[in-house]
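Listing of entry-v2.tsv, TSV, N, CA and C atoms
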```
chain	number	residue	atom	x	y	z
A	288	MET	N	-41.25	-63.46	-51.78
A	288	MET	CA	-40.69	-63.83	-50.50
A	288	MET	C	-39.17	-63.95	-50.67
A	289	GLU	N	-38.46	-63.23	-49.85
A	289	GLU	CA	-37.00	-63.26	-49.90
A	289	GLU	C	-36.49	-64.43	-49.08
A	290	THR	N	-35.50	-65.14	-49.61
A	290	THR	CA	-34.94	-66.30	-48.91
A	290	THR	C	-33.45	-66.11	-48.65
A	291	VAL	N	-32.97	-66.86	-47.67
A	291	VAL	CA	-31.55	-66.87	-47.36
A	291	VAL	C	-31.09	-68.32	-47.27
A	292	ALA	N	-29.81	-68.53	-47.52
A	292	ALA	CA	-29.23	-69.87	-47.38
A	292	ALA	C	-28.96	-70.12	-45.90
A	293	ALA	N	-29.29	-71.30	-45.46
A	293	ALA	CA	-29.04	-71.68	-44.07
A	293	ALA	C	-28.61	-73.13	-44.04
A	294	SER	N	-27.78	-73.45	-43.09
A	294	SER	CA	-27.41	-74.85	-42.91
A	294	SER	C	-27.53	-75.19	-41.44
A	295	VAL	N	-28.02	-76.39	-41.19
A	295	VAL	CA	-28.16	-76.87	-39.82
A	295	VAL	C	-27.53	-78.25	-39.73
A	296	ASN	N	-27.11	-78.60	-38.54
A	296	ASN	CA	-26.48	-79.89	-38.32
A	296	ASN	C	-27.38	-80.70	-37.39
A	297	ILE	N	-27.73	-81.91	-37.84
A	297	ILE	CA	-28.53	-82.81	-37.03
A	297	ILE	C	-27.87	-84.18	-37.03
A	298	LEU	N	-27.48	-84.64	-35.86
A	298	LEU	CA	-26.85	-85.95	-35.68
A	298	LEU	C	-25.67	-86.15	-36.62
A	299	GLY	N	-24.84	-85.13	-36.72
A	299	GLY	CA	-23.62	-85.23	-37.49
A	299	GLY	C	-23.75	-85.01	-38.99
A	300	ARG	N	-24.95	-84.70	-39.45
A	300	ARG	CA	-25.15	-84.42	-40.87
A	300	ARG	C	-25.56	-82.98	-41.05
A	301	THR	N	-25.00	-82.36	-42.07
A	301	THR	CA	-25.33	-80.98	-42.37
A	301	THR	C	-26.40	-80.94	-43.45
A	302	TYR	N	-27.39	-80.13	-43.21
A	302	TYR	CA	-28.49	-79.95	-44.17
A	302	TYR	C	-28.49	-78.49	-44.60
A	303	LYS	N	-28.38	-78.26	-45.90
A	303	LYS	CA	-28.38	-76.90	-46.44
A	303	LYS	C	-29.76	-76.64	-47.04
A	304	LEU	N	-30.32	-75.50	-46.66
A	304	LEU	CA	-31.66	-75.15	-47.10
A	304	LEU	C	-31.74	-73.68	-47.47
A	305	ARG	N	-32.81	-73.34	-48.15
A	305	ARG	CA	-33.16	-71.94	-48.37
A	305	ARG	C	-34.47	-71.72	-47.63
A	306	VAL	N	-34.47	-70.70	-46.78
A	306	VAL	CA	-35.66	-70.42	-45.98
A	306	VAL	C	-36.01	-68.95	-46.09
A	307	ALA	N	-37.25	-68.63	-45.79
A	307	ALA	CA	-37.67	-67.24	-45.75
A	307	ALA	C	-36.80	-66.49	-44.75
A	308	THR	N	-36.49	-65.27	-45.05
A	308	THR	CA	-35.57	-64.48	-44.23
A	308	THR	C	-35.92	-64.52	-42.75
A	309	GLY	N	-37.16	-64.39	-42.41
A	309	GLY	CA	-37.55	-64.36	-41.00
A	309	GLY	C	-37.64	-65.72	-40.35
A	310	ASP	N	-37.47	-66.79	-41.12
A	310	ASP	CA	-37.64	-68.15	-40.57
A	310	ASP	C	-36.34	-68.82	-40.15
A	311	GLU	N	-35.22	-68.18	-40.36
A	311	GLU	CA	-33.93	-68.82	-40.08
A	311	GLU	C	-33.78	-69.16	-38.60
A	312	SER	N	-34.17	-68.27	-37.73
A	312	SER	CA	-34.06	-68.52	-36.30
A	312	SER	C	-34.93	-69.70	-35.88
A	313	ALA	N	-36.15	-69.76	-36.40
A	313	ALA	CA	-37.04	-70.88	-36.08
A	313	ALA	C	-36.47	-72.19	-36.60
A	314	LEU	N	-35.86	-72.16	-37.78
A	314	LEU	CA	-35.23	-73.35	-38.35
A	314	LEU	C	-34.13	-73.87	-37.44
A	315	ARG	N	-33.30	-72.96	-36.95
A	315	ARG	CA	-32.20	-73.36	-36.07
A	315	ARG	C	-32.72	-73.93	-34.75
A	316	LYS	N	-33.76	-73.32	-34.20
A	316	LYS	CA	-34.35	-73.84	-32.97
A	316	LYS	C	-34.94	-75.22	-33.20
A	317	ALA	N	-35.57	-75.42	-34.35
A	317	ALA	CA	-36.15	-76.73	-34.67
A	317	ALA	C	-35.06	-77.78	-34.79
A	318	ALA	N	-33.98	-77.44	-35.47
A	318	ALA	CA	-32.86	-78.38	-35.62
A	318	ALA	C	-32.27	-78.74	-34.27
A	319	GLU	N	-32.13	-77.76	-33.39
A	319	GLU	CA	-31.61	-78.03	-32.04
A	319	GLU	C	-32.55	-78.93	-31.26
A	320	ALA	N	-33.85	-78.71	-31.40
A	320	ALA	CA	-34.84	-79.54	-30.70
A	320	ALA	C	-34.81	-80.97	-31.22
A	321	ILE	N	-34.68	-81.13	-32.53
A	321	ILE	CA	-34.60	-82.47	-33.12
A	321	ILE	C	-33.36	-83.19	-32.61
A	322	GLU	N	-32.24	-82.51	-32.65
A	322	GLU	CA	-30.97	-83.08	-32.18
A	322	GLU	C	-31.07	-83.50	-30.72
A	323	SER	N	-31.61	-82.63	-29.90
A	323	SER	CA	-31.74	-82.89	-28.47
A	323	SER	C	-32.64	-84.09	-28.21
A	324	GLN	N	-33.80	-84.11	-28.84
A	324	GLN	CA	-34.74	-85.21	-28.63
A	324	GLN	C	-34.18	-86.52	-29.16
A	325	ALA	N	-33.50	-86.49	-30.29
A	325	ALA	CA	-32.89	-87.70	-30.84
A	325	ALA	C	-31.84	-88.26	-29.89
A	326	LYS	N	-31.07	-87.40	-29.26
A	326	LYS	CA	-30.05	-87.85	-28.30
A	326	LYS	C	-30.71	-88.49	-27.08
A	327	VAL	N	-31.81	-87.92	-26.64
A	327	VAL	CA	-32.55	-88.51	-25.51
A	327	VAL	C	-33.02	-89.91	-25.88
A	328	TYR	N	-33.63	-90.04	-27.06
A	328	TYR	CA	-34.09	-91.36	-27.50
A	328	TYR	C	-32.91	-92.32	-27.67
A	329	GLY	N	-31.80	-91.82	-28.14
A	329	GLY	CA	-30.61	-92.65	-28.30
A	329	GLY	C	-30.12	-93.24	-26.99
A	330	ARG	N	-30.27	-92.47	-25.91
A	330	ARG	CA	-29.86	-92.96	-24.59
A	330	ARG	C	-30.89	-93.93	-24.01
A	331	GLN	N	-32.15	-93.76	-24.37
A	331	GLN	CA	-33.22	-94.55	-23.76
A	331	GLN	C	-33.52	-95.87	-24.49
A	332	TYR	N	-33.33	-95.90	-25.80
A	332	TYR	CA	-33.78	-97.05	-26.58
A	332	TYR	C	-32.66	-97.61	-27.43
A	333	ALA	N	-32.80	-98.89	-27.76
A	333	ALA	CA	-31.87	-99.51	-28.71
A	333	ALA	C	-32.28	-99.03	-30.11
A	334	TYR	N	-31.31	-98.74	-30.94
A	334	TYR	CA	-31.61	-98.30	-32.31
A	334	TYR	C	-30.52	-98.79	-33.24
A	335	ASN	N	-30.89	-98.95	-34.50
A	335	ASN	CA	-29.93	-99.44	-35.50
A	335	ASN	C	-29.13	-98.31	-36.12
A	336	ASP	N	-29.77	-97.20	-36.38
A	336	ASP	CA	-29.06	-96.06	-36.96
A	336	ASP	C	-29.82	-94.77	-36.63
A	337	HIS	N	-29.26	-93.67	-37.05
A	337	HIS	CA	-29.86	-92.37	-36.75
A	337	HIS	C	-31.24	-92.21	-37.38
A	338	GLN	N	-31.50	-92.91	-38.47
A	338	GLN	CA	-32.81	-92.81	-39.10
A	338	GLN	C	-33.90	-93.27	-38.13
A	339	ASP	N	-33.61	-94.31	-37.33
A	339	ASP	CA	-34.58	-94.76	-36.34
A	339	ASP	C	-34.88	-93.65	-35.34
A	340	LEU	N	-33.85	-92.97	-34.88
A	340	LEU	CA	-34.03	-91.89	-33.93
A	340	LEU	C	-34.84	-90.74	-34.54
A	341	LEU	N	-34.50	-90.39	-35.77
A	341	LEU	CA	-35.21	-89.31	-36.44
A	341	LEU	C	-36.67	-89.66	-36.67
A	342	ALA	N	-36.95	-90.93	-36.98
A	342	ALA	CA	-38.34	-91.37	-37.16
A	342	ALA	C	-39.10	-91.25	-35.84
A	343	MET	N	-38.47	-91.59	-34.73
A	343	MET	CA	-39.11	-91.48	-33.42
A	343	MET	C	-39.39	-90.01	-33.08
A	344	VAL	N	-38.44	-89.14	-33.38
A	344	VAL	CA	-38.64	-87.71	-33.13
A	344	VAL	C	-39.79	-87.20	-33.99
A	345	ALA	N	-39.79	-87.56	-35.27
A	345	ALA	CA	-40.86	-87.11	-36.17
A	345	ALA	C	-42.21	-87.59	-35.69
A	346	LEU	N	-42.30	-88.84	-35.30
A	346	LEU	CA	-43.57	-89.39	-34.83
A	346	LEU	C	-44.06	-88.67	-33.58
A	347	THR	N	-43.16	-88.43	-32.64
A	347	THR	CA	-43.51	-87.72	-31.41
A	347	THR	C	-43.99	-86.30	-31.71
A	348	GLN	N	-43.25	-85.59	-32.55
A	348	GLN	CA	-43.58	-84.20	-32.84
A	348	GLN	C	-44.90	-84.07	-33.61
A	349	ILE	N	-45.11	-84.95	-34.58
A	349	ILE	CA	-46.35	-84.89	-35.36
A	349	ILE	C	-47.54	-85.30	-34.50
A	350	THR	N	-47.34	-86.23	-33.57
A	350	THR	CA	-48.41	-86.59	-32.64
A	350	THR	C	-48.80	-85.38	-31.80
A	351	GLN	N	-47.82	-84.66	-31.28
A	351	GLN	CA	-48.11	-83.46	-30.49
A	351	GLN	C	-48.78	-82.39	-31.34
A	352	LEU	N	-48.32	-82.20	-32.56
A	352	LEU	CA	-48.92	-81.22	-33.47
A	352	LEU	C	-50.37	-81.57	-33.76
A	353	THR	N	-50.64	-82.85	-33.98
A	353	THR	CA	-52.00	-83.30	-34.27
A	353	THR	C	-52.92	-83.02	-33.08
A	354	LYS	N	-52.44	-83.29	-31.88
A	354	LYS	CA	-53.22	-83.00	-30.68
A	354	LYS	C	-53.53	-81.51	-30.57
A	355	ILE	N	-52.54	-80.68	-30.84
A	355	ILE	CA	-52.73	-79.23	-30.77
A	355	ILE	C	-53.73	-78.78	-31.82
A	356	GLN	N	-53.60	-79.29	-33.04
A	356	GLN	CA	-54.53	-78.91	-34.10
A	356	GLN	C	-55.95	-79.34	-33.76
A	357	ASP	N	-56.12	-80.54	-33.22
A	357	ASP	CA	-57.45	-81.01	-32.83
A	357	ASP	C	-58.03	-80.12	-31.74
A	358	SER	N	-57.21	-79.74	-30.78
A	358	SER	CA	-57.66	-78.86	-29.70
A	358	SER	C	-58.06	-77.49	-30.24
A	359	LEU	N	-57.26	-76.94	-31.14
A	359	LEU	CA	-57.58	-75.64	-31.72
A	359	LEU	C	-58.84	-75.71	-32.55
A	360	SER	N	-59.03	-76.80	-33.27
A	360	SER	CA	-60.23	-76.97	-34.08
A	360	SER	C	-61.47	-76.98	-33.19
A	361	TYR	N	-61.39	-77.70	-32.07
A	361	TYR	CA	-62.50	-77.73	-31.12
A	361	TYR	C	-62.76	-76.34	-30.57
A	362	LYS	N	-61.69	-75.64	-30.19
A	362	LYS	CA	-61.84	-74.29	-29.63
A	362	LYS	C	-62.41	-73.34	-30.66
A	363	ASP	N	-62.02	-73.48	-31.94
A	363	ASP	CA	-62.57	-72.64	-32.99
A	363	ASP	C	-64.07	-72.87	-33.14
A	364	THR	N	-64.48	-74.13	-33.11
A	364	THR	CA	-65.89	-74.48	-33.24
A	364	THR	C	-66.67	-73.94	-32.05
A	365	ASP	N	-66.12	-74.14	-30.86
A	365	ASP	CA	-66.76	-73.65	-29.64
A	365	ASP	C	-66.87	-72.13	-29.66
A	366	LEU	N	-65.81	-71.45	-30.08
A	366	LEU	CA	-65.81	-70.00	-30.16
A	366	LEU	C	-66.85	-69.51	-31.15
A	367	ALA	N	-66.95	-70.16	-32.29
A	367	ALA	CA	-67.93	-69.76	-33.31
A	367	ALA	C	-69.34	-69.90	-32.77
A	368	GLN	N	-69.61	-70.97	-32.04
A	368	GLN	CA	-70.95	-71.16	-31.45
A	368	GLN	C	-71.25	-70.08	-30.41
A	369	ARG	N	-70.28	-69.75	-29.60
A	369	ARG	CA	-70.48	-68.71	-28.59
A	369	ARG	C	-70.70	-67.35	-29.22
A	370	LEU	N	-69.93	-67.05	-30.26
A	370	LEU	CA	-70.10	-65.77	-30.95
A	370	LEU	C	-71.47	-65.69	-31.62
A	371	GLN	N	-71.94	-66.81	-32.13
A	371	GLN	CA	-73.27	-66.83	-32.75
A	371	GLN	C	-74.34	-66.57	-31.70
A	372	SER	N	-74.18	-67.13	-30.51
A	372	SER	CA	-75.13	-66.89	-29.41
A	372	SER	C	-75.11	-65.42	-29.00
A	373	ILE	N	-73.93	-64.86	-28.88
A	373	ILE	CA	-73.80	-63.44	-28.51
A	373	ILE	C	-74.43	-62.58	-29.58
A	374	ASP	N	-74.19	-62.91	-30.85
A	374	ASP	CA	-74.78	-62.15	-31.95
A	374	ASP	C	-76.31	-62.20	-31.88
A	375	SER	N	-76.85	-63.36	-31.59
A	375	SER	CA	-78.32	-63.49	-31.48
A	375	SER	C	-78.85	-62.63	-30.34
A	376	LEU	N	-78.17	-62.66	-29.20
A	376	LEU	CA	-78.60	-61.84	-28.06
A	376	LEU	C	-78.54	-60.35	-28.39
A	377	LEU	N	-77.45	-59.93	-29.03
A	377	LEU	CA	-77.33	-58.52	-29.41
A	377	LEU	C	-78.41	-58.12	-30.41
A	378	GLU	N	-78.70	-59.01	-31.31
A	378	GLU	CA	-79.75	-58.75	-32.30
A	378	GLU	C	-81.09	-58.55	-31.60
A	379	GLN	N	-81.39	-59.37	-30.61
A	379	GLN	CA	-82.64	-59.24	-29.85
A	379	GLN	C	-82.69	-57.93	-29.08
A	380	ILE	N	-81.56	-57.53	-28.52
A	380	ILE	CA	-81.50	-56.30	-27.73
A	380	ILE	C	-81.60	-55.07	-28.63
A	381	LEU	N	-80.88	-55.07	-29.73
A	381	LEU	CA	-80.83	-53.91	-30.61
A	381	LEU	C	-82.06	-53.77	-31.50
A	382	HIS	N	-82.68	-54.87	-31.81
A	382	HIS	CA	-83.83	-54.83	-32.72
A	382	HIS	C	-84.96	-55.70	-32.16
A	383	PRO	N	-85.53	-55.29	-31.03
A	383	PRO	CA	-86.56	-56.14	-30.38
A	383	PRO	C	-87.81	-56.31	-31.25
A	384	THR	N	-88.13	-55.33	-32.07
A	384	THR	CA	-89.37	-55.43	-32.88
A	384	THR	C	-89.24	-56.46	-33.97
A	385	ARG	N	-88.06	-56.67	-34.50
A	385	ARG	CA	-87.85	-57.68	-35.55
A	385	ARG	C	-88.09	-59.07	-35.02
A	386	ASN	N	-87.77	-59.27	-33.77
A	386	ASN	CA	-87.83	-60.61	-33.18
A	386	ASN	C	-89.20	-60.94	-32.61
A	387	SER	N	-90.06	-59.95	-32.47
A	387	SER	CA	-91.37	-60.19	-31.86
A	387	SER	C	-92.40	-60.63	-32.90
A	388	LEU	N	-92.08	-60.59	-34.15
A	388	LEU	CA	-93.04	-60.96	-35.19
A	388	LEU	C	-93.22	-62.43	-35.31
```
Give the structure from the file, written as C-alpha cells.
Amino acid sequence: METVAASVNILGRTYKLRVATGDESALRKAAEAIESQAKVYGRQYAYNDHQDLLAMVALTQITQLTKIQDSLSYKDTDLAQRLQSIDSLLEQILHPTRNSL
C-alpha cells in the first residue's frame, strides 16, 4: 500500500499523518467535519479546553457509527434469511423430485 504525507488542522493544532494514497481526500473531509462539529459544540456548551470538544465529537460520531453498524448487521441477517428462503423455493422448483421423498 502506497502512502503519502498529509497534514490536517483541527482546532488550531496541526496533525501530520501518513495515509493511503486514495484516503487523503477522506482524511481532509473528516478533519473538516471534526472542526465544524467541535465549533458547534463550543458555541452550545461550556467547556474547559478543546479536548472536551473533541471528546464530545468523538462520542457523537462513534454513537452514529455504532447505530449504522447495528442497522447493517440486522439488514445482513435479514438478507441472508431471505436469500435462504429464495434458495429453498428455487430448489423446490428446479428439483421437485428431490423434495417429494
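Compared by their closest atoms to Ala325 (chain A), and using only C-alpha atoms, the residues A:Glu311, A:Asp374, A:Glu289, A:Asp339 rank with A:Asp339 nearest.
Using only C-alpha atoms, the nearest neighbour of Val344 (chain A) within the list A:Ile297, A:Tyr302, A:Ser375, A:Leu381 is A:Ile297.
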- Point-to-point distance from atom N of Glu322 (chain A) to CA of Asp336 (chain A), Å rounded to tenths: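 Pair atom N of Glu322 (chain A) / CA of Asp336 (chain A) returns 14.6 Å.
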Counting all atoms listed in the file, what is within 8 Å of Lys326 (chain A), bar same-chain residues fewer than 5 positions away, as a CSV table (one decimal) with N, CA and C atoms, in the frame of the given file?
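Writing done, so here's out12.csv:
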```csv
chain,number,residue,atom,x,y,z
A,298,LEU,N,-27.5,-84.6,-35.9
A,298,LEU,CA,-26.8,-86.0,-35.7
A,298,LEU,C,-25.7,-86.2,-36.6
A,320,ALA,N,-33.8,-78.7,-31.4
A,320,ALA,CA,-34.8,-79.5,-30.7
A,320,ALA,C,-34.8,-81.0,-31.2
A,321,ILE,N,-34.7,-81.1,-32.5
A,321,ILE,CA,-34.6,-82.5,-33.1
A,321,ILE,C,-33.4,-83.2,-32.6
A,331,GLN,N,-32.2,-93.8,-24.4
A,331,GLN,CA,-33.2,-94.6,-23.8
A,331,GLN,C,-33.5,-95.9,-24.5
A,332,TYR,N,-33.3,-95.9,-25.8
A,332,TYR,CA,-33.8,-97.0,-26.6
A,332,TYR,C,-32.7,-97.6,-27.4
A,340,LEU,N,-33.8,-93.0,-34.9
A,340,LEU,CA,-34.0,-91.9,-33.9
A,340,LEU,C,-34.8,-90.7,-34.5
A,341,LEU,N,-34.5,-90.4,-35.8
A,341,LEU,CA,-35.2,-89.3,-36.4
A,341,LEU,C,-36.7,-89.7,-36.7
```
- Message: What does the structure give for the distance between atom C of Ser358 (chain A) and CA of Ser312 (chain A), in Å to one decimal?
- Response: 26.3 Å
- Message: Among region 289-365 of chain A, which ones does DSSP assign to helix (DSSP H, G or I) (computed from the backbone)? Answer as an NGL selection string.
- Response: :A and (308-331 or 337-365)
- Task: Mind listing the strand (DSSP E) residues of chain A, per DSSP on the backbone, as a PyMOL selection string?
- Result: chain A and resi 290-297+300-307
- Which value, in Å to one decimal, gives the distance between atom N of His337 (chain A) and atom C of Val306 (chain A)?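 Here the two named atoms are 27.2 Å from each other.
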- Message: Using only C-alpha atoms, can you tell me which of A:Gln351, A:Ser323, A:Gln356, A:Thr308 comes closest to Asn296 (chain A)?
- Response: A:Ser323
